[in-house]
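Accompanying notes for the structure given below.
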Protein chains: 2
Amino acid sequence: MRTTVHDVADAAGVSVSTVSRALTGGSVSPATRATVMAAAERLGYRPNRTARGLITGRTGNYGLIVPDLRNPFFADIAKGVSARARAVDCGVFITDTDEDVAAELEALAMLGRNTDGVLLCSPRATDAELLEAADPDTTVLVHRQAPGMLSIAADIAAGTRQAIDHLRALGHRQIAFLAGPDDSWAGRERLSALADYEILRFGSVAPTFEGGVLAGDLVLASPATAVLAYNDLVAMGLLHRLATRGVSVPDQMSVVGYDDISLAAMSHPPLTTVAVPKGRAGAAALELLLRRAGKTPSAVRDREVTLPTGLVVRSSSGVAPA
Amino acid sequence: MRTTVHDVADAAGVSVSTVSRALTGGSVSPATRATVMAAAERLGYRPNRTARGLITGRTGNYGLIVPDLRNPFFADIAKGVSARARAVDCGVFITDTDEDVAAELEALAMLGRNTDGVLLCSPRATDAELLEAADPDTTVLVHRQAPGMLSIAADIAAGTRQAIDHLRALGHRQIAFLAGPDDSWAGRERLSALADYEILRFGSVAPTFEGGVLAGDLVLASPATAVLAYNDLVAMGLLHRLATRGVSVPDQMSVVGYDDISLAAMSHPPLTTVAVPKGRAGAAALELLLRRAGKTPSAVRDREVTLPTGLVVRSSSGVAPA
DNA sequence: CACCCCGATGCAAACGTATGCAGGAAATTT
DNA sequence: AAATTTCCTGCATACGTTTGCATCGGGGTG
């Protein structure tokens with residue numbers, strides 16, 4: 001049987017309420033506080049979070065919903081969240097929804113009830129679905145925005161422009177963009193940034209390695225000398241296909257990815273890509289919820305936070321062929 | 001304010017205890033059960049897991065501890081756990097310990113108190129540390145074993161032999177093994193299986209892409225014509241280094257990985273590797289805890305489960321050069 | 001010296017649920 | 001038809017905390 005406040009109270013010769021106050025920062029005399037602390041320490045007392053949660057209504061737990069943990073992008077976010085959570089000693093429930101929007105909304109409902117807030121990575125659900133399923137005061141969108149909802153996102157448009165400007169500076173005039181899913185928020189952001197440029201657009205490919213493999217042949221059949229891929233996985237699939245077709249990168253074709261997942265540095269050649277804060281975004285999202293906890297909703301500004309992006313140049317991009 | 005049993009009781013015209021019984025499968029007449037169910041449904045009642053946990057002592061939550069979520073190996077495990085948890089409607093706390101054994105043990109203590117059990121991926125902690133920090137009835141080791149503890153592991157030795165036999169069948173006589181961390185359980189398993197063979201062993205490399213890059217030059221300076229890497233990440237680093245040094249795989253050098261993470265199929269060339277069940281192991285570990293829940297510990301056998309491994313042959317291994 | 005105020009403490013209620021116990025009605029047995 | 005069992009239901013309690021309220025004592029002020 002675990003030690004409870006009663007055990008500590010007995011050991012310290014005070015009442016349970018005094019123990020509770022001494023431990024949670026209530027009004028207690030320094031002397032008794034010391035006594036209580038000592039007793040608690042000696043007995044190895046740890047408050048039962050379940051019981052505490054029942055009365056305070058706050059569990060100290062948060063939920064994290066991601067479409068796919070195997071996707072390094074989301075793994076990075078999860079890692080960032082976990083690291084921050086460990087630092088502030090709160091728990092985080094994780095749910096991998098397997099890219100299924102229905103499962104996502106279900107998890108949202110479930111976690112919404114059993115946690116103090118949820119961090120939601122939902123690139124594909126519609127704004128309407130989110131607004132209906134999520135509590136706007138305790139849910140924060142990660143790497144996406146929706147009207148009226150809390151969010152931590154990256155400056156996708158700026159990153160996109162940096163990538164294109166980089167390629168143009170290298171002399172490329174025929175630049176292809178491999179578009180991802182039409183219903184993705186980040187995808188729409190990319191496209192809106194690209195409206196300012198003349199671009200060869202290649203239809204919606206799956207945002208996966210396989211999608212990139214598939215796109216490789218499309219690109220080779222076009223006059224493009226450079227490609228901006230929807231994300232790094234696509235870029236890596238593309239690199240793979242180019243390699244098997246004997247096209248040298250970056251001599252014959254430049255490739256730029258998006259996200260800067262850890263694999264990007266491991267590809268051959270190492271991938272030029274737009275770095276997006278992932279772990280940092282996850283940590284910031286948790287932080288946002290933590291700061292809002294308890295305070296009145298309107299007291300906190302910064303409902304939408306935008307983090308910077310930046311191009312990191314590696315070896316997959318080079319000057320345009322003559 | 002959320003709807004509670006009291007609301008349902010009022011709506012159904014019965015007492016709270018009857019509601020509780022109707023919903024949890026107690027002894028209730030079919031008629032009243034139907035009434036209660038209807039009322040609960042109409043009010044959208046969902047039991048408060050915190051309150052339930054307080055009285056039953058079981059929260060319906062489990063903990064998962066991994067060294068690094070960015071490592072696809074652990075991401076796969078986490079995904080498997082999450083999928084199974086979603087199916088049986090239980091929550092899973094995740095903690096990424098950043099490869100820090102101390103943080104691991106701390107998380108173990110913390111989660112041990114607030115959950116019904118914890119799934120522990122701890123390749124590096126010593127047996128003694130685990131035995132001291134973990135409750136042997138509610139903790140299950142994933143992909144590792146320790147005396148007296150529950151575990152789900154893979155048949156590492158068999159997989160290792162398959163890999164070596166494969167290379168020998170291809171005519172290789174000088175086979176190198178890139179050993180990983182000495183303190184890793186899986187590493188020791190590999191080495192014990194290799195005791196039966198004549199092998200060139202290359203010292204402990206970090207189990208990362210960088211470790212593989214580093215090892216590349218070591219291997220090239222040896223007479224080896226084939227390499228079994230500690231894991232896929234190392235193998236991919238090795239492939240990368242071999243490519244930059246102009247060594248063709250598999251014509252001049254065969255490379256075999258271990259784990260079959262999703263990236264293995266994406267490398268260039270696609271990696272021959274030993275597949276070990278990851279998601280399945282995670283799911284099985286959760287299942288093990290679920291089955292034991294409530295029952296007396298000794299009633300359940302299968303304290304140590306071993307899952308099969310199997311070589312998957314792709315393009316990074318071929319016949320030995322003449 | 002009387003008054004008031006304030007800080008420290010204990011008592012008891014509350015959070016939402018599960019469950020042992022007892023009471024009552026219905027069903028079965030004698 | 002009476003006695004006994006069976007089944008269903010409600011009351012009350014418990015889980016481990018936090019917290020409003022009341023109490024008590026001491027110190028400062030008038």
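By order of appearance in the structure tokens: chains A, B, ..., then residues from 1 within every chain, and ligands from 1 in the order shown.
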
- Neighbours of region 58-62 of chain B within 6 Å (only C-alpha atoms (C1' of nucleotides); same-chain residues fewer than 5 positions away dropped), as a list in words? Gly53, Cys90, Gly91, Val92, Thr115, Asp116, Gly117 and Val118 of chain B

- Would you give me, as a ChimeraX atom specification, the residues of chain C that come within 8 Å of chain B, using only C-alpha atoms (C1' of nucleotides)? /C:15-18

Sorted per-residue table, chain B near chain A, closest atoms and distance, 9 Å, only C-alpha atoms, as CSV:
```
residue,atom,partner,partner_atom,distance
B:Arg2,CA,A:Arg113,CA,8.9
B:Arg46,CA,A:Arg113,CA,8.6
B:Asn48,CA,A:Asn114,CA,7.5
B:Arg49,CA,A:Asn114,CA,7.0
B:Thr50,CA,A:Thr50,CA,5.6
B:Ala51,CA,A:Leu54,CA,6.0
B:Gly53,CA,A:Thr50,CA,6.9
B:Leu54,CA,A:Ala51,CA,6.0
B:Thr59,CA,A:Thr50,CA,8.3
B:Asn61,CA,A:Phe93,CA,9.0
B:Gly63,CA,A:Phe93,CA,8.8
B:Asp68,CA,A:Lys79,CA,7.6
B:Leu69,CA,A:Ala75,CA,5.8
B:Arg70,CA,A:Ala75,CA,5.5
B:Asn71,CA,A:Ala75,CA,8.6
B:Pro72,CA,A:Arg70,CA,6.3
B:Phe73,CA,A:Arg70,CA,8.9
B:Ala75,CA,A:Arg70,CA,5.6
B:Asp76,CA,A:Arg70,CA,6.1
B:Ala78,CA,A:Leu69,CA,7.5
B:Lys79,CA,A:Leu69,CA,6.0
B:Gly80,CA,A:Asp96,CA,8.9
B:Ser82,CA,A:Thr95,CA,5.8
B:Ala83,CA,A:Asp96,CA,6.8
B:Ala85,CA,A:Thr95,CA,8.6
B:Arg86,CA,A:Thr95,CA,7.6
B:Gly91,CA,A:Phe93,CA,6.4
B:Val92,CA,A:Phe93,CA,5.3
B:Phe93,CA,A:Phe93,CA,4.3
B:Ile94,CA,A:Val92,CA,6.1
B:Thr95,CA,A:Ser82,CA,5.8
B:Asp96,CA,A:Ser82,CA,5.9
B:Thr97,CA,A:Ala83,CA,7.6
B:Asp98,CA,A:Ala83,CA,8.1
B:Ala103,CA,A:Arg86,CA,8.9
B:Ala107,CA,A:Arg86,CA,8.3
B:Leu111,CA,A:Gly91,CA,8.7
B:Arg113,CA,A:Asn48,CA,8.0
B:Asn114,CA,A:Arg49,CA,7.0
B:Phe209,CA,A:Met266,CA,7.2
B:Glu210,CA,A:Met266,CA,8.8
B:Met236,CA,A:Met266,CA,8.0
B:Gly237,CA,A:Met266,CA,7.3
B:His240,CA,A:His268,CA,6.6
B:Ala243,CA,A:His268,CA,8.1
B:Thr244,CA,A:His268,CA,8.6
B:Ser262,CA,A:Arg70,CA,8.0
B:Leu263,CA,A:Leu263,CA,8.9
B:Met266,CA,A:Phe209,CA,7.2
B:Ser267,CA,A:His240,CA,7.6
B:His268,CA,A:His240,CA,6.6
B:Pro269,CA,A:His240,CA,8.7
```

- Task: Mind the document's chain letters and residue numbers, and return as a list in words the residues of region 63-158 of chain A that DSSP labels strand (DSSP E).
- Result: Gly63, Leu64, Ile65, Val66, Gly91, Val92, Phe93, Ile94, Thr95, Asp96, Val118, Leu119, Leu120, Thr139, Val140, Leu141, Val142, Leu150, Ser151, Ile152, Ala153 and Ala154 of chain A

- Message: I need the residues of region 56-134 of chain B that end up classed as alpha helix (DSSP H) by DSSP on the backbone, written out as a VMD selection string.
- Response: chain B and resid 56 72 to 88 101 to 114 127 to 133

- Task: Using only C-alpha atoms (C1' of nucleotides), find the residues of chain D whose closest atom to chain A is at most 10 Å away, then write them as an MDAnalysis selection string.
- Result: chainID D and resid 15:19
